[in-house]
Amino acid sequence: MRALTTTNDGTVEFAEVPEPTCTSSELLVRVTASTISRGDLHAARLSPPGTPMGLDVAGVVVEAAADGSGPSVGTRVMGYAARAGGWAEKAAVDSSLLVPVPKALSDDLAAALPNSGLAALAGLEASGFLLGSRVLVTGATGGVGRLAVQLAHLSGAEVTGLVSSPERREQLAGFDWLTAVTADEAQGPFDLIVDLVGGEVLSRALSWVAEGGVVASLAQTASETASVPLFWFAMHKGARLVSVYNSEGQREAGRGVRRLGLLGRLAETKRIDPQITRTTSWEEAPGLLAALGRRELEGRTVVRVS
Ligand SMILES: NC(=O)c1ccc[n+]([C@@H]2O[C@H](COP(=O)([O-])OP(=O)(O)OC[C@H]3O[C@@H](n4cnc5c(N)ncnc54)[C@H](OP(=O)(O)O)[C@@H]3O)[C@@H](O)[C@H]2O)c1
């Protein structure tokens, strides 16, 4: 089958590869749409040459899971391809991270939800109760950030989005309930900081956390390393700095399936919008991945695979 795979210089190229072999809990999906995200950019740089890329999957089940879990053949589905492969004609996706797509949701919208939505929910969950909480999301103009601010707002939080420059504020203008700030303007205190940037931004954000608050670190988007001041824990009584991964713990009690189902319903009823800024053929993916690395893409890019 045709797939986009890694090269030895951090880029991707089309290659003929064997169809993935499913484990007993994986289903084979004929892919119709996927996304280009920063996770793909990291993976392209870190994976050995020849590795299929693509974390998000929307498509149709062509082979059911051997253990009987998950949707049946012919079901339109969306999922998170934990071992990648969304940029391929067929992808293996675990039944714990795959759900039927709600009728009114297009494949494009469905593809834009799994990776970013699961990450946003995992970050917001780090502090538990959100009603009335003061939440800061860094990297708020990115694909994960835009979903995180909307989900925090839906949960009753007071939401602030950190943008990289005053000009970038414009990208969040549609969210009239959101306060958009640059790092020079942010003050806090925030009960929860969902950090999607890392580096210098995370180092600065640490000083804005409230007593007993949580800083959920999900990313190293920025290239530099973050530093934690020696007395940070003493200066912010009861505060916690936690590392969060979107694929962690999703098998437990059907959590992944419930979360994906929730994201699908919220998007179908237009209570969240993954804000697709570009939909294009996967032929464009190599160039668009490079553009993402140069910070030239905003919001979420969807690629149509077939
Ligand atoms: N832990 C997990 O499970 C998990 C899951 C999914 C994603 N992630 C990570 O989460 C991060 C965000 O993902 P995404 O898909 O939303 O990426 P994205 O769409 O590229 O968004 C990145 C955001 O970070 C900002 N940014 C980039 N470099 C920056 C810098 N040096 N200083 C300040 N701001 C900067 C961007 O602002 P500009 O528009 O100004 O460039 C943008 O708002 C990525 O690092 C990704 O790998 C983690």
# chains A, B, ... in the order shown; residues from 1 in each chain; ligands from 1
call {"tool": "residues_around", "arguments": {"residues": "Glu248 of chain A", "least_positions_apart": "6", "cutoff": "10 Å", "atoms": "only C-alpha atoms", "output": "PyMOL selection string"}}
result
chain A and resi 118-119+122+255-256
call {"tool": "residues_around", "arguments": {"residues": "Ser155 of chain A", "least_positions_apart": "6", "cutoff": "9 Å", "atoms": "only C-alpha atoms", "output": "list in words"}}
result
Phe129, Leu130, Leu131 and Gly132 of chain A
call {"tool": "select_by_dssp", "arguments": {"residues": "segment 28-183 of chain A", "states": "alpha helix (DSSP H)", "output": "number ranges by chain"}}
result
A: 38-46, 107-111, 114-125, 143-154
call {"tool": "residues_near_ligand", "arguments": {"ligand": "ligand 1", "cutoff": "6 Å", "atoms": "only C-alpha atoms and all ligand atoms", "output": "ChimeraX atom specification"}}
result
/A:37-39,115-116,119,139-145,164,196-197,218-222,244-246,295,298-299
call {"tool": "residues_around", "arguments": {"residues": "Val215 of chain A", "least_positions_apart": "2", "cutoff": "8 Å", "atoms": "only C-alpha atoms", "output": "MDAnalysis selection string"}}
result
chainID A and resid 192:195 206 209 213 217 239:242
call {"tool": "write_last_selection", "arguments": {"atoms": "C-alpha atoms", "output": "short mmCIF file (atom, residue, chain, number, x, y, z; two decimals), in the first residue's frame"}}
result
data_model
loop_
_atom_site.label_atom_id
_atom_site.label_comp_id
_atom_site.auth_asym_id
_atom_site.auth_seq_id
_atom_site.Cartn_x
_atom_site.Cartn_y
_atom_site.Cartn_z
CA LEU A 192 -4.20 25.09 36.13
CA ILE A 193 -1.62 25.80 33.46
CA VAL A 194 -1.76 23.51 30.42
CA ASP A 195 1.61 24.01 28.80
CA LEU A 206 5.86 28.27 36.51
CA VAL A 209 0.74 29.08 39.20
CA GLY A 213 -2.28 24.70 41.47
CA SER A 217 3.42 19.86 30.81
CA ALA A 239 1.67 23.28 43.54
CA ARG A 240 2.45 20.32 41.28
CA LEU A 241 4.31 20.03 38.00
CA VAL A 242 3.09 16.98 36.11
#
call {"tool": "residues_around", "arguments": {"residues": "Ser72 of chain A", "least_positions_apart": "4", "cutoff": "9 Å", "atoms": "only C-alpha atoms", "output": "list in words"}}
result
Leu27, Val61, Val62, Glu63, Ala64, Ala65 and Gly68 of chain A
call {"tool": "write_last_selection", "arguments": {"atoms": "N, CA and C atoms", "output": "mmCIF file, in the first residue's frame"}}
result
data_model
loop_
_atom_site.group_PDB
_atom_site.id
_atom_site.type_symbol
_atom_site.label_atom_id
_atom_site.label_comp_id
_atom_site.auth_asym_id
_atom_site.auth_seq_id
_atom_site.Cartn_x
_atom_site.Cartn_y
_atom_site.Cartn_z
ATOM 1 N N LEU A 27 -7.885 -2.855 14.871
ATOM 2 C CA LEU A 27 -8.729 -2.969 13.679
ATOM 3 C C LEU A 27 -7.973 -2.344 12.514
ATOM 4 N N VAL A 61 -13.742 0.880 8.769
ATOM 5 C CA VAL A 61 -13.160 -0.386 9.228
ATOM 6 C C VAL A 61 -13.234 -1.409 8.088
ATOM 7 N N VAL A 62 -12.064 -1.993 7.764
ATOM 8 C CA VAL A 62 -12.063 -3.041 6.725
ATOM 9 C C VAL A 62 -11.739 -4.406 7.320
ATOM 10 N N GLU A 63 -11.240 -4.417 8.549
ATOM 11 C CA GLU A 63 -10.965 -5.701 9.218
ATOM 12 C C GLU A 63 -11.228 -5.503 10.701
ATOM 13 N N ALA A 64 -12.124 -6.323 11.258
ATOM 14 C CA ALA A 64 -12.477 -6.167 12.683
ATOM 15 C C ALA A 64 -11.340 -6.689 13.565
ATOM 16 N N ALA A 65 -11.364 -6.318 14.849
ATOM 17 C CA ALA A 65 -10.335 -6.802 15.784
ATOM 18 C C ALA A 65 -10.561 -8.287 16.056
ATOM 19 N N GLY A 68 -12.637 -9.315 19.006
ATOM 20 C CA GLY A 68 -14.063 -8.954 18.979
ATOM 21 C C GLY A 68 -14.359 -7.552 19.511
#
call {"tool": "closest_residue", "arguments": {"among": "A:Ala226, A:Ala33, A:Val77, A:Leu260", "to": "Thr301 of chain A", "atoms": "only C-alpha atoms"}}
result
A:Ala33
call {"tool": "select_by_dssp", "arguments": {"residues": "segment 103-289 of chain A", "states": "strand (DSSP E or B)", "output": "MDAnalysis selection string"}}
result
chainID A and resid 134:138 142 158:162 179:181 190:195 209:217 240:243 276:281
call {"tool": "residues_around", "arguments": {"residues": "Asp184 of chain A", "least_positions_apart": "4", "cutoff": "12 Å", "atoms": "only C-alpha atoms", "output": "list of chain:residue names"}}
result
A:Leu162, A:Val163, A:Ser164, A:Ser165, A:Pro166, A:Ala180, A:Gly188, A:Val201, A:Arg204, A:Ala205, A:Trp208
call {"tool": "write_last_selection", "arguments": {"atoms": "N, CA, C and O atoms", "output": "PDB file, in the first residue's frame"}}
result
ATOM      1  N   LEU A 162      -2.337  31.838  26.110  1.00  0.00           N
ATOM      2  CA  LEU A 162      -1.064  32.518  25.891  1.00  0.00           C
ATOM      3  C   LEU A 162      -0.700  32.443  24.412  1.00  0.00           C
ATOM      4  O   LEU A 162      -0.690  31.353  23.825  1.00  0.00           O
ATOM      5  N   VAL A 163      -0.417  33.603  23.818  1.00  0.00           N
ATOM      6  CA  VAL A 163      -0.032  33.660  22.402  1.00  0.00           C
ATOM      7  C   VAL A 163       1.415  34.131  22.307  1.00  0.00           C
ATOM      8  O   VAL A 163       1.929  34.768  23.229  1.00  0.00           O
ATOM      9  N   SER A 164       2.066  33.822  21.184  1.00  0.00           N
ATOM     10  CA  SER A 164       3.503  34.092  21.110  1.00  0.00           C
ATOM     11  C   SER A 164       3.817  35.547  20.783  1.00  0.00           C
ATOM     12  O   SER A 164       4.943  35.995  20.987  1.00  0.00           O
ATOM     13  N   SER A 165       2.837  36.292  20.257  1.00  0.00           N
ATOM     14  CA  SER A 165       3.066  37.705  19.949  1.00  0.00           C
ATOM     15  C   SER A 165       1.708  38.411  19.903  1.00  0.00           C
ATOM     16  O   SER A 165       0.680  37.748  19.710  1.00  0.00           O
ATOM     17  N   PRO A 166       1.682  39.739  20.056  1.00  0.00           N
ATOM     18  CA  PRO A 166       0.397  40.462  20.018  1.00  0.00           C
ATOM     19  C   PRO A 166      -0.370  40.189  18.713  1.00  0.00           C
ATOM     20  O   PRO A 166      -1.585  40.085  18.725  1.00  0.00           O
ATOM     21  N   ALA A 180      -6.706  36.741  25.822  1.00  0.00           N
ATOM     22  CA  ALA A 180      -5.467  36.336  25.145  1.00  0.00           C
ATOM     23  C   ALA A 180      -4.335  37.243  25.616  1.00  0.00           C
ATOM     24  O   ALA A 180      -4.457  38.464  25.584  1.00  0.00           O
ATOM     25  N   GLY A 188      -1.167  35.747  36.231  1.00  0.00           N
ATOM     26  CA  GLY A 188      -1.695  34.732  37.123  1.00  0.00           C
ATOM     27  C   GLY A 188      -2.306  35.369  38.353  1.00  0.00           C
ATOM     28  O   GLY A 188      -2.555  36.584  38.346  1.00  0.00           O
ATOM     29  N   VAL A 201       8.905  29.387  27.712  1.00  0.00           N
ATOM     30  CA  VAL A 201       7.502  29.665  28.066  1.00  0.00           C
ATOM     31  C   VAL A 201       7.126  28.907  29.339  1.00  0.00           C
ATOM     32  O   VAL A 201       6.534  29.465  30.264  1.00  0.00           O
ATOM     33  N   ARG A 204       8.785  30.437  32.431  1.00  0.00           N
ATOM     34  CA  ARG A 204       8.102  31.651  32.898  1.00  0.00           C
ATOM     35  C   ARG A 204       6.744  31.323  33.508  1.00  0.00           C
ATOM     36  O   ARG A 204       6.335  31.893  34.503  1.00  0.00           O
ATOM     37  N   ALA A 205       6.040  30.370  32.892  1.00  0.00           N
ATOM     38  CA  ALA A 205       4.688  30.034  33.350  1.00  0.00           C
ATOM     39  C   ALA A 205       4.694  29.484  34.776  1.00  0.00           C
ATOM     40  O   ALA A 205       3.718  29.642  35.515  1.00  0.00           O
ATOM     41  N   TRP A 208       3.520  31.673  37.491  1.00  0.00           N
ATOM     42  CA  TRP A 208       2.135  32.175  37.468  1.00  0.00           C
ATOM     43  C   TRP A 208       1.161  31.194  38.122  1.00  0.00           C
ATOM     44  O   TRP A 208      -0.044  31.423  38.112  1.00  0.00           O
TER      45      TRP A 208
END
call {"tool": "atom_distance", "arguments": {"atom1": "atom CA of Gly287 of chain A", "atom2": "atom CA of Arg169 of chain A"}}
result
26.0 Å
call {"tool": "closest_residue", "arguments": {"among": "A:Val12, A:Cys22, A:Ile276, A:Val303", "to": "Asp67 of chain A", "atoms": "only C-alpha atoms"}}
result
A:Cys22
call {"tool": "closest_residue", "arguments": {"among": "A:Ser306, A:Gln187, A:Ser133, A:Thr32", "to": "Arg76 of chain A", "atoms": "only C-alpha atoms"}}
result
A:Thr32
call {"tool": "atom_distance", "arguments": {"atom1": "atom CA of Pro20 of chain A", "atom2": "atom CA of Leu105 of chain A"}}
result
26.9 Å
call {"tool": "residues_around", "arguments": {"residues": "Glu13 of chain A", "least_positions_apart": "2", "cutoff": "10 Å", "atoms": "only C-alpha atoms", "output": "PyMOL selection string"}}
result
chain A and resi 3-7+11+15+49-50+52-53+283+285-286
call {"tool": "write_last_selection", "arguments": {"atoms": "C-alpha atoms", "output": "CSV table (one decimal), in the first residue's frame"}}
result
chain,number,residue,atom,x,y,z
A,3,ALA,CA,2.2,5.5,2.7
A,4,LEU,CA,4.1,8.5,3.8
A,5,THR,CA,7.2,7.4,5.7
A,6,THR,CA,10.2,9.0,7.4
A,7,THR,CA,13.5,9.6,5.6
A,11,THR,CA,11.3,14.8,6.2
A,15,ALA,CA,6.8,4.7,-0.3
A,49,PRO,CA,13.8,6.0,8.2
A,50,GLY,CA,10.9,4.1,6.6
A,52,PRO,CA,4.9,5.3,8.5
A,53,MET,CA,3.7,8.6,10.0
A,283,GLU,CA,0.3,14.7,-1.7
A,285,ALA,CA,1.9,16.7,3.4
A,286,PRO,CA,5.7,16.7,3.0
call {"tool": "atom_distance", "arguments": {"atom1": "atom CA of Ala120 of chain A", "atom2": "atom CA of Ser243 of chain A"}}
result
13.1 Å
call {"tool": "residues_around", "arguments": {"residues": "Arg45 of chain A", "least_positions_apart": "3", "cutoff": "7 Å", "atoms": "only C-alpha atoms", "output": "list of chain:residue names"}}
result
A:Gly10, A:Leu41, A:His42
call {"tool": "write_last_selection", "arguments": {"atoms": "all heavy atoms", "output": "compact mmCIF listing (two decimals), in the first residue's frame"}}
result
# COMPACT_ATOMS: atom_id res chain seq x y z
N GLY A 10 14.59 13.87 8.65
CA GLY A 10 13.47 14.52 9.34
C GLY A 10 12.31 14.88 8.44
O GLY A 10 11.34 15.49 8.89
N LEU A 41 5.73 16.04 13.40
CA LEU A 41 7.02 16.69 13.13
C LEU A 41 8.09 16.10 14.07
O LEU A 41 9.19 15.74 13.63
CB LEU A 41 6.87 18.19 13.39
CG LEU A 41 7.95 19.11 12.89
CD1 LEU A 41 8.01 19.10 11.38
CD2 LEU A 41 7.67 20.53 13.38
N HIS A 42 7.73 15.97 15.36
CA HIS A 42 8.68 15.37 16.32
C HIS A 42 8.99 13.93 15.88
O HIS A 42 10.14 13.52 15.87
CB HIS A 42 8.08 15.33 17.73
CG HIS A 42 7.81 16.68 18.32
ND1 HIS A 42 8.66 17.74 18.18
CD2 HIS A 42 6.77 17.13 19.09
CE1 HIS A 42 8.15 18.81 18.81
NE2 HIS A 42 7.01 18.45 19.37
call {"tool": "closest_residue", "arguments": {"among": "A:Asp176, A:Glu284, A:Asp108, A:Glu89", "to": "Glu16 of chain A", "atoms": "only C-alpha atoms"}}
result
A:Glu89
